$ cat protein_1.pdb   # PDB, C-alpha atoms
ATOM      1  CA  MET A   1    -125.957  62.505  16.394
ATOM      2  CA  ILE A   2    -126.439  58.938  17.512
ATOM      3  CA  PRO A   3    -128.815  58.314  20.402
ATOM      4  CA  PHE A   4    -126.964  56.007  22.798
ATOM      5  CA  PRO A   5    -128.901  53.797  25.186
ATOM      6  CA  GLN A   6    -128.504  54.766  28.838
ATOM      7  CA  GLU A   7    -126.501  51.624  29.657
ATOM      8  CA  TYR A   8    -123.617  52.951  27.519
ATOM      9  CA  ARG A   9    -121.906  55.511  29.687
ATOM     10  CA  ALA A  10    -118.880  57.491  28.617
ATOM     11  CA  GLY A  11    -115.810  56.579  30.599
ATOM     12  CA  GLN A  12    -117.029  53.174  31.686
ATOM     13  CA  HIS A  13    -114.637  50.415  30.784
ATOM     14  CA  TYR A  14    -114.110  46.854  31.747
ATOM     15  CA  PRO A  15    -111.800  46.125  34.667
ATOM     16  CA  PRO A  16    -108.377  44.701  33.829
ATOM     17  CA  ALA A  17    -108.598  41.052  32.839
ATOM     18  CA  GLN A  18    -107.407  38.575  35.417
ATOM     19  CA  ARG A  19    -104.287  36.681  34.489
ATOM     20  CA  MET A  20    -105.191  33.260  33.133
ATOM     21  CA  ALA A  21    -103.373  30.508  31.353
ATOM     22  CA  LYS A  22    -103.013  31.055  27.603
ATOM     23  CA  LYS A  23    -105.109  27.951  26.914
ATOM     24  CA  ASP A  24    -107.987  29.482  28.909
ATOM     25  CA  VAL A  25    -108.098  32.821  27.070
ATOM     26  CA  PRO A  26    -107.261  32.759  23.388
ATOM     27  CA  GLY A  27    -105.642  35.742  21.804
ATOM     28  CA  LEU A  28    -103.618  38.692  22.938
ATOM     29  CA  GLU A  29    -104.926  42.060  24.124
ATOM     30  CA  PRO A  30    -103.898  44.838  21.702
ATOM     31  CA  ARG A  31    -101.590  47.480  23.089
ATOM     32  CA  GLY A  32    -103.428  50.363  24.685
ATOM     33  CA  PHE A  33    -106.864  48.708  24.454
ATOM     34  CA  ARG A  34    -109.496  50.647  26.399
ATOM     35  CA  TRP A  35    -113.260  50.910  26.314
ATOM     36  CA  VAL A  36    -114.317  54.525  25.780
ATOM     37  CA  ILE A  37    -118.028  53.607  25.798
ATOM     38  CA  THR A  38    -118.504  50.232  27.423
ATOM     39  CA  GLY A  39    -119.353  47.567  24.868
ATOM     40  CA  ARG A  40    -119.720  50.105  22.047
ATOM     41  CA  LEU A  41    -116.538  52.085  21.369
ATOM     42  CA  ALA A  42    -112.988  50.978  22.097
ATOM     43  CA  VAL A  43    -109.539  52.224  21.133
ATOM     44  CA  SER A  44    -106.152  50.587  20.711
ATOM     45  CA  GLU A  45    -102.893  50.902  18.873
ATOM     46  CA  ARG A  46    -102.641  49.326  15.419
ATOM     47  CA  ILE A  47    -103.483  45.630  15.520
ATOM     48  CA  GLY A  48    -100.293  43.599  15.148
ATOM     49  CA  GLY A  49     -98.056  46.564  15.986
ATOM     50  CA  SER A  50     -96.740  49.310  13.770
ATOM     51  CA  GLY A  51     -93.765  49.660  11.475
ATOM     52  CA  PHE A  52     -90.992  47.111  11.864
ATOM     53  CA  GLN A  53     -92.673  45.790  15.039
ATOM     54  CA  HIS A  54     -95.715  44.559  13.074
ATOM     55  CA  ARG A  55     -96.040  40.779  13.291
ATOM     56  CA  LYS A  56     -98.573  38.593  11.508
ATOM     57  CA  VAL A  57     -98.848  36.129  14.420
ATOM     58  CA  ARG A  58     -99.371  38.971  16.874
ATOM     59  CA  ARG A  59    -102.019  40.481  14.578
ATOM     60  CA  GLU A  60    -103.860  37.149  14.410
ATOM     61  CA  GLU A  61    -103.776  36.760  18.209
ATOM     62  CA  GLU A  62    -105.020  40.309  18.754
ATOM     63  CA  ILE A  63    -107.825  39.845  16.212
ATOM     64  CA  ARG A  64    -108.887  36.664  18.016
ATOM     65  CA  TRP A  65    -108.891  38.548  21.345
ATOM     66  CA  LEU A  66    -110.984  41.389  19.899
ATOM     67  CA  GLY A  67    -113.580  38.890  18.691
ATOM     68  CA  GLU A  68    -113.737  37.394  22.189
ATOM     69  CA  GLN A  69    -114.456  40.883  23.588
ATOM     70  CA  GLY A  70    -117.409  41.309  21.226
ATOM     71  CA  ILE A  71    -115.774  43.741  18.808
ATOM     72  CA  ASN A  72    -117.458  43.343  15.412
ATOM     73  CA  THR A  73    -116.487  46.570  13.608
ATOM     74  CA  ILE A  74    -113.083  48.123  12.959
ATOM     75  CA  LEU A  75    -112.752  51.816  12.109
ATOM     76  CA  SER A  76    -109.189  52.354  11.005
ATOM     77  CA  PHE A  77    -107.685  55.814  10.779
ATOM     78  CA  LEU A  78    -104.652  54.383   8.942
ATOM     79  CA  ALA A  79    -103.988  54.681   5.223
ATOM     80  CA  ALA A  80    -106.536  52.626   3.287
ATOM     81  CA  GLY A  81    -105.985  48.908   3.078
ATOM     82  CA  GLN A  82    -103.654  48.297   6.035
ATOM     83  CA  ASN A  83    -104.743  45.034   7.740
ATOM     84  CA  ARG A  84    -108.053  45.090   5.827
ATOM     85  CA  SER A  85    -107.775  41.566   4.417
ATOM     86  CA  ALA A  86    -107.038  40.160   7.900
ATOM     87  CA  TYR A  87    -110.065  41.987   9.342
ATOM     88  CA  ASP A  88    -112.301  40.840   6.483
ATOM     89  CA  GLU A  89    -111.122  37.253   6.901
ATOM     90  CA  ALA A  90    -111.971  37.413  10.622
ATOM     91  CA  GLY A  91    -115.505  38.591   9.798
ATOM     92  CA  PHE A  92    -115.263  42.169  11.054
ATOM     93  CA  ARG A  93    -117.135  45.003   9.375
ATOM     94  CA  VAL A  94    -114.313  47.275   8.246
ATOM     95  CA  LEU A  95    -114.467  51.030   7.725
ATOM     96  CA  ASN A  96    -111.546  53.267   6.884
ATOM     97  CA  HIS A  97    -111.113  57.001   7.267
ATOM     98  CA  THR A  98    -107.505  58.021   6.767
ATOM     99  CA  VAL A  99    -106.295  60.583   9.298
ATOM    100  CA  ASP A 100    -102.836  61.890   8.424
ATOM    101  CA  GLY A 101    -101.371  63.993  11.197
ATOM    102  CA  MET A 102    -103.495  66.444  13.127
ATOM    103  CA  PRO A 103    -106.714  67.597  11.397
ATOM    104  CA  GLU A 104    -106.430  71.338  10.802
ATOM    105  CA  GLU A 105    -109.852  72.368   9.536
ATOM    106  CA  PRO A 106    -113.205  71.976  11.341
ATOM    107  CA  GLU A 107    -114.554  70.216   8.233
ATOM    108  CA  GLU A 108    -111.882  67.506   8.600
ATOM    109  CA  VAL A 109    -112.871  66.909  12.226
ATOM    110  CA  ASP A 110    -116.566  66.838  11.274
ATOM    111  CA  ALA A 111    -115.814  64.214   8.602
ATOM    112  CA  ILE A 112    -114.036  62.044  11.187
ATOM    113  CA  PHE A 113    -116.982  62.339  13.580
ATOM    114  CA  ALA A 114    -119.305  61.391  10.691
ATOM    115  CA  ALA A 115    -117.200  58.264  10.087
ATOM    116  CA  MET A 116    -117.539  57.391  13.775
ATOM    117  CA  ASP A 117    -121.301  58.036  13.604
ATOM    118  CA  ASP A 118    -121.457  55.669  10.609
ATOM    119  CA  ALA A 119    -119.494  52.972  12.433
ATOM    120  CA  LEU A 120    -121.798  53.204  15.458
ATOM    121  CA  ALA A 121    -125.067  53.617  13.513
ATOM    122  CA  ASP A 122    -125.904  49.923  13.887
ATOM    123  CA  PRO A 123    -127.123  49.445  17.473
ATOM    124  CA  GLU A 124    -125.402  46.044  17.502
ATOM    125  CA  ALA A 125    -122.024  47.492  16.510
ATOM    126  CA  SER A 126    -119.119  47.227  18.909
ATOM    127  CA  VAL A 127    -116.426  49.392  17.315
ATOM    128  CA  LEU A 128    -112.657  49.529  17.690
ATOM    129  CA  VAL A 129    -110.941  52.674  16.391
ATOM    130  CA  HIS A 130    -107.193  52.746  15.932
ATOM    131  CA  ARG A 131    -104.143  54.437  14.472
ATOM    132  CA  ASP A 132    -100.523  53.319  14.702
ATOM    133  CA  THR A 133    -100.409  54.624  18.279
ATOM    134  CA  ILE A 134    -102.758  56.289  20.713
ATOM    135  CA  ASP A 135    -101.468  59.789  20.211
ATOM    136  CA  GLU A 136    -102.623  63.346  20.831
ATOM    137  CA  THR A 137    -104.770  63.289  17.683
ATOM    138  CA  LEU A 138    -106.628  60.084  18.525
ATOM    139  CA  SER A 139    -107.099  61.139  22.153
ATOM    140  CA  GLY A 140    -108.508  64.517  21.100
ATOM    141  CA  LEU A 141    -110.825  62.934  18.548
ATOM    142  CA  LEU A 142    -112.216  60.539  21.159
ATOM    143  CA  ALA A 143    -112.849  63.361  23.635
ATOM    144  CA  GLY A 144    -114.406  65.386  20.824
ATOM    145  CA  TYR A 145    -116.620  62.494  19.841
ATOM    146  CA  LEU A 146    -118.027  62.264  23.361
ATOM    147  CA  VAL A 147    -119.195  65.879  22.999
ATOM    148  CA  HIS A 148    -120.269  65.477  19.349
ATOM    149  CA  SER A 149    -122.415  62.437  20.197
ATOM    150  CA  GLY A 150    -124.101  64.189  23.106
ATOM    151  CA  LEU A 151    -122.854  61.712  25.695
ATOM    152  CA  VAL A 152    -120.946  64.504  27.423
ATOM    153  CA  GLU A 153    -122.010  68.152  27.234
ATOM    154  CA  ASP A 154    -118.988  69.881  28.735
ATOM    155  CA  PRO A 155    -115.678  69.788  26.792
ATOM    156  CA  ILE A 156    -113.771  70.007  30.086
ATOM    157  CA  VAL A 157    -115.513  66.899  31.386
ATOM    158  CA  ALA A 158    -114.834  65.098  28.077
ATOM    159  CA  THR A 159    -111.147  66.017  28.375
ATOM    160  CA  SER A 160    -111.011  64.721  31.934
ATOM    161  CA  LEU A 161    -112.778  61.476  31.008
ATOM    162  CA  ILE A 162    -110.451  60.715  28.094
ATOM    163  CA  GLN A 163    -107.395  61.489  30.202
ATOM    164  CA  GLU A 164    -108.641  59.070  32.856
ATOM    165  CA  ILE A 165    -109.605  56.348  30.378
ATOM    166  CA  LEU A 166    -106.360  56.518  28.404
ATOM    167  CA  GLY A 167    -104.113  57.272  31.353
ATOM    168  CA  ARG A 168    -102.375  60.139  29.563
ATOM    169  CA  PRO A 169    -102.702  63.913  29.504
ATOM    170  CA  LEU A 170    -104.419  65.652  26.625
ATOM    171  CA  GLY A 171    -102.434  68.626  25.401
ATOM    172  CA  PRO A 172    -103.575  71.776  23.624
ATOM    173  CA  GLU A 173    -103.449  70.227  20.137
ATOM    174  CA  GLY A 174    -105.789  67.399  21.165
ATOM    175  CA  ARG A 175    -108.089  69.754  23.076
ATOM    176  CA  ARG A 176    -108.473  71.806  19.903
ATOM    177  CA  LEU A 177    -110.369  68.838  18.366
ATOM    178  CA  ILE A 178    -113.132  68.950  20.986
ATOM    179  CA  PRO A 179    -116.229  70.895  19.860
ATOM    180  CA  SER A 180    -117.206  73.753  22.160
ATOM    181  CA  THR A 181    -120.777  73.802  23.352
TER     182      THR A 181
END

$ encode --input "protein_1.pdb" --output "structure tokens"
Amino acid sequence: MIPFPQEYRAGQHYPPAQRMAKKDVPGLEPRGFRWVITGRLAVSERIGGSGFQHRKVRREEEIRWLGEQGINTILSFLAAGQNRSAYDEAGFRVLNHTVDGMPEEPEEVDAIFAAMDDALADPEASVLVHRDTIDETLSGLLAGYLVHSGLVEDPIVATSLIQEILGRPLGPEGRRLIPST
């Protein structure tokens, strides 16, 4: 488990950015971007979009925006190598842990939490985790990580927090990924 300083509180996230002229704020906010742990752990959809919607220019703008927010580490749950060269070029620390579908075994979930522990081990790390979309799996893993890390003791509270942060319900498949206390 990672000891988190008290100033990092689960569920705290930055207020929506005020609308400003493009010249004032470089970059483009990635779809679904939210802080799960303020300044330490964020989530978004795949940088640059997924599938046929993926655009190099969009990816570059989103990477620029992430840098402006203080993100310095990317933990990708996509198949190895996707966007890696762009992240490396931008100076991000890049970690990859492929998550195909919904993890079925407790050992798979534990390995994902270990990858998140590794990404957050550096006290200066500000980590973005992503998959193609923010789906049931990613939502459940984030709620589970809040319990795994000790930031939240009660799985019900972790579920409620993630639902509020992401603005979407967490179904039974995602709830299955949250460790019971």

$ resolve_selection --input "protein_1.pdb" --expression "the PyMOL selection byres ((chain A and resi 70) around 12)" --output "CSV table (one decimal) with C-alpha atoms, in the frame of the given file"
chain,number,residue,atom,x,y,z
A,35,TRP,CA,-113.3,50.9,26.3
A,38,THR,CA,-118.5,50.2,27.4
A,39,GLY,CA,-119.4,47.6,24.9
A,40,ARG,CA,-119.7,50.1,22.0
A,41,LEU,CA,-116.5,52.1,21.4
A,42,ALA,CA,-113.0,51.0,22.1
A,63,ILE,CA,-107.8,39.8,16.2
A,64,ARG,CA,-108.9,36.7,18.0
A,65,TRP,CA,-108.9,38.5,21.3
A,66,LEU,CA,-111.0,41.4,19.9
A,67,GLY,CA,-113.6,38.9,18.7
A,68,GLU,CA,-113.7,37.4,22.2
A,69,GLN,CA,-114.5,40.9,23.6
A,71,ILE,CA,-115.8,43.7,18.8
A,72,ASN,CA,-117.5,43.3,15.4
A,73,THR,CA,-116.5,46.6,13.6
A,74,ILE,CA,-113.1,48.1,13.0
A,91,GLY,CA,-115.5,38.6,9.8
A,92,PHE,CA,-115.3,42.2,11.1
A,124,GLU,CA,-125.4,46.0,17.5
A,125,ALA,CA,-122.0,47.5,16.5
A,126,SER,CA,-119.1,47.2,18.9
A,127,VAL,CA,-116.4,49.4,17.3
A,128,LEU,CA,-112.7,49.5,17.7

$ resolve_selection --input "protein_1.pdb" --expression "the PyMOL selection byres ((chain A and resi 130) around 8)" --output "VMD selection string"
chain A and resid 43 to 46 75 to 78 128 to 129 131 to 134 138

$ resolve_selection --input "protein_1.pdb" --expression "the PyMOL selection byres ((chain A and resi 102-113) around 7)" --output "list in words"
Asp100, Gly101, Ala114, Ala115, Met116, Asp117, Thr137, Tyr145 and Leu177 of chain A

$ residues_around --input "protein_1.pdb" --residues "A:Thr181" --least-positions-apart "5" --cutoff "10 Å" --atoms "all atoms listed in the file" --output "MDAnalysis selection string"
chainID A and resid 147:148 153:155

$ atom_distance --input "protein_1.pdb" --atom1 "atom CA of A:Pro172" --atom2 "atom CA of A:Gly144"
12.9 Å

$ decode --input "protein_1.pdb" --residues "stretch 28-181 of chain A" --atoms "C-alpha atoms" --output "CSV table (one decimal), in the first residue's frame"
chain,number,residue,atom,x,y,z
A,28,LEU,CA,-7.3,20.2,-25.4
A,29,GLU,CA,-8.8,18.5,-22.4
A,30,PRO,CA,-9.0,14.7,-23.0
A,31,ARG,CA,-12.5,13.2,-23.1
A,32,GLY,CA,-13.7,12.2,-19.7
A,33,PHE,CA,-10.8,13.7,-17.8
A,34,ARG,CA,-11.3,13.6,-14.0
A,35,TRP,CA,-9.1,13.8,-11.0
A,36,VAL,CA,-9.7,10.8,-8.8
A,37,ILE,CA,-7.1,11.9,-6.2
A,38,THR,CA,-6.4,15.6,-6.7
A,39,GLY,CA,-3.0,16.2,-8.2
A,40,ARG,CA,-2.0,12.5,-8.0
A,41,LEU,CA,-4.4,10.2,-10.0
A,42,ALA,CA,-6.5,11.1,-12.9
A,43,VAL,CA,-8.5,9.2,-15.5
A,44,SER,CA,-9.5,9.8,-19.1
A,45,GLU,CA,-10.4,8.1,-22.3
A,46,ARG,CA,-7.6,7.2,-24.7
A,47,ILE,CA,-5.5,10.2,-25.6
A,48,GLY,CA,-6.3,11.2,-29.2
A,49,GLY,CA,-9.5,9.2,-29.3
A,50,SER,CA,-10.0,5.6,-30.1
A,51,GLY,CA,-10.4,3.5,-33.2
A,52,PHE,CA,-11.2,5.5,-36.4
A,53,GLN,CA,-11.8,8.6,-34.3
A,54,HIS,CA,-8.1,8.7,-33.3
A,55,ARG,CA,-6.4,11.8,-34.6
A,56,LYS,CA,-2.7,12.7,-34.3
A,57,VAL,CA,-3.4,16.5,-33.9
A,58,ARG,CA,-5.9,15.8,-31.2
A,59,ARG,CA,-3.5,13.5,-29.4
A,60,GLU,CA,-0.8,16.2,-29.5
A,61,GLU,CA,-3.2,18.8,-28.2
A,62,GLU,CA,-4.4,16.5,-25.4
A,63,ILE,CA,-0.8,15.6,-24.4
A,64,ARG,CA,0.1,19.3,-24.2
A,65,TRP,CA,-3.0,19.9,-22.0
A,66,LEU,CA,-2.0,17.0,-19.7
A,67,GLY,CA,1.4,18.5,-19.3
A,68,GLU,CA,-0.1,21.9,-18.3
A,69,GLN,CA,-2.2,20.1,-15.6
A,70,GLY,CA,1.0,18.6,-14.1
A,71,ILE,CA,0.5,15.0,-15.3
A,72,ASN,CA,4.0,13.4,-15.6
A,73,THR,CA,3.2,9.7,-15.7
A,74,ILE,CA,0.9,7.7,-18.0
A,75,LEU,CA,-0.4,4.3,-17.0
A,76,SER,CA,-2.0,2.8,-20.0
A,77,PHE,CA,-4.3,-0.2,-19.8
A,78,LEU,CA,-4.3,-0.5,-23.6
A,79,ALA,CA,-2.3,-3.1,-25.6
A,80,ALA,CA,1.4,-2.4,-25.3
A,81,GLY,CA,2.8,0.3,-27.4
A,82,GLN,CA,-0.3,2.3,-28.3
A,83,ASN,CA,0.7,6.0,-28.2
A,84,ARG,CA,3.9,5.2,-26.3
A,85,SER,CA,6.3,7.0,-28.7
A,86,ALA,CA,4.1,10.2,-28.4
A,87,TYR,CA,4.2,10.0,-24.6
A,88,ASP,CA,7.9,9.4,-24.6
A,89,GLU,CA,8.5,12.3,-26.9
A,90,ALA,CA,6.5,14.5,-24.6
A,91,GLY,CA,8.7,13.5,-21.6
A,92,PHE,CA,6.1,11.4,-19.7
A,93,ARG,CA,7.1,8.4,-17.7
A,94,VAL,CA,5.1,5.6,-19.4
A,95,LEU,CA,3.9,2.4,-17.8
A,96,ASN,CA,1.7,-0.2,-19.5
A,97,HIS,CA,-0.4,-2.9,-18.0
A,98,THR,CA,-2.7,-4.4,-20.7
A,99,VAL,CA,-6.3,-5.0,-19.4
A,100,ASP,CA,-8.3,-6.9,-21.9
A,101,GLY,CA,-12.0,-7.0,-21.0
A,102,MET,CA,-13.1,-7.5,-17.4
A,103,PRO,CA,-10.5,-9.1,-15.1
A,104,GLU,CA,-11.9,-12.4,-13.9
A,105,GLU,CA,-9.5,-13.7,-11.3
A,106,PRO,CA,-8.5,-11.9,-8.0
A,107,GLU,CA,-4.8,-12.3,-9.1
A,108,GLU,CA,-5.5,-10.2,-12.2
A,109,VAL,CA,-7.1,-7.4,-10.2
A,110,ASP,CA,-4.2,-7.5,-7.7
A,111,ALA,CA,-1.7,-7.2,-10.6
A,112,ILE,CA,-3.5,-4.1,-11.8
A,113,PHE,CA,-3.5,-2.6,-8.4
A,114,ALA,CA,0.3,-3.4,-8.2
A,115,ALA,CA,0.8,-1.5,-11.5
A,116,MET,CA,-1.1,1.5,-10.0
A,117,ASP,CA,1.0,1.3,-6.8
A,118,ASP,CA,4.2,1.3,-9.0
A,119,ALA,CA,3.0,4.3,-11.0
A,120,LEU,CA,2.2,6.2,-7.8
A,121,ALA,CA,5.3,5.1,-5.9
A,122,ASP,CA,7.2,8.3,-6.7
A,123,PRO,CA,5.8,11.0,-4.4
A,124,GLU,CA,6.2,13.5,-7.2
A,125,ALA,CA,4.2,11.4,-9.7
A,126,SER,CA,1.0,12.7,-11.1
A,127,VAL,CA,-0.6,9.8,-12.9
A,128,LEU,CA,-3.1,9.5,-15.7
A,129,VAL,CA,-4.7,6.1,-16.2
A,130,HIS,CA,-6.7,5.3,-19.4
A,131,ARG,CA,-8.3,2.8,-21.6
A,132,ASP,CA,-10.1,3.4,-24.9
A,133,THR,CA,-13.2,4.6,-22.9
A,134,ILE,CA,-14.1,5.0,-19.3
A,135,ASP,CA,-16.1,1.8,-19.0
A,136,GLU,CA,-17.4,-0.4,-16.2
A,137,THR,CA,-14.0,-2.1,-15.9
A,138,LEU,CA,-12.0,1.1,-15.5
A,139,SER,CA,-14.6,2.6,-13.1
A,140,GLY,CA,-14.5,-0.5,-10.9
A,141,LEU,CA,-10.7,-0.6,-10.9
A,142,LEU,CA,-10.6,3.0,-9.7
A,143,ALA,CA,-13.1,2.4,-6.9
A,144,GLY,CA,-11.2,-0.8,-6.0
A,145,TYR,CA,-7.9,1.1,-5.9
A,146,LEU,CA,-9.3,3.6,-3.4
A,147,VAL,CA,-10.0,0.7,-1.1
A,148,HIS,CA,-6.7,-1.1,-1.9
A,149,SER,CA,-4.6,2.0,-1.2
A,150,GLY,CA,-6.3,2.6,2.1
A,151,LEU,CA,-7.7,6.0,1.1
A,152,VAL,CA,-11.2,4.7,1.6
A,153,GLU,CA,-12.1,1.8,4.0
A,154,ASP,CA,-15.7,1.1,3.0
A,155,PRO,CA,-16.3,-0.4,-0.5
A,156,ILE,CA,-19.8,1.3,-0.5
A,157,VAL,CA,-18.2,4.7,0.0
A,158,ALA,CA,-15.6,4.0,-2.7
A,159,THR,CA,-18.4,3.0,-5.1
A,160,SER,CA,-20.3,6.2,-4.3
A,161,LEU,CA,-17.2,8.4,-4.7
A,162,ILE,CA,-16.3,6.9,-8.1
A,163,GLN,CA,-19.9,7.3,-9.3
A,164,GLU,CA,-19.9,11.0,-8.3
A,165,ILE,CA,-16.4,11.7,-9.7
A,166,LEU,CA,-17.1,10.0,-13.1
A,167,GLY,CA,-20.8,10.9,-13.3
A,168,ARG,CA,-21.9,7.4,-14.1
A,169,PRO,CA,-23.3,4.5,-12.2
A,170,LEU,CA,-21.2,1.5,-11.3
A,171,GLY,CA,-22.9,-1.8,-12.1
A,172,PRO,CA,-22.4,-5.2,-10.6
A,173,GLU,CA,-19.5,-6.1,-12.8
A,174,GLY,CA,-17.5,-3.1,-11.8
A,175,ARG,CA,-18.4,-3.5,-8.1
A,176,ARG,CA,-17.0,-7.0,-8.2
A,177,LEU,CA,-13.5,-5.4,-8.7
A,178,ILE,CA,-13.6,-3.6,-5.4
A,179,PRO,CA,-11.9,-5.5,-2.5
A,180,SER,CA,-14.1,-6.2,0.5
A,181,THR,CA,-12.7,-5.1,3.8
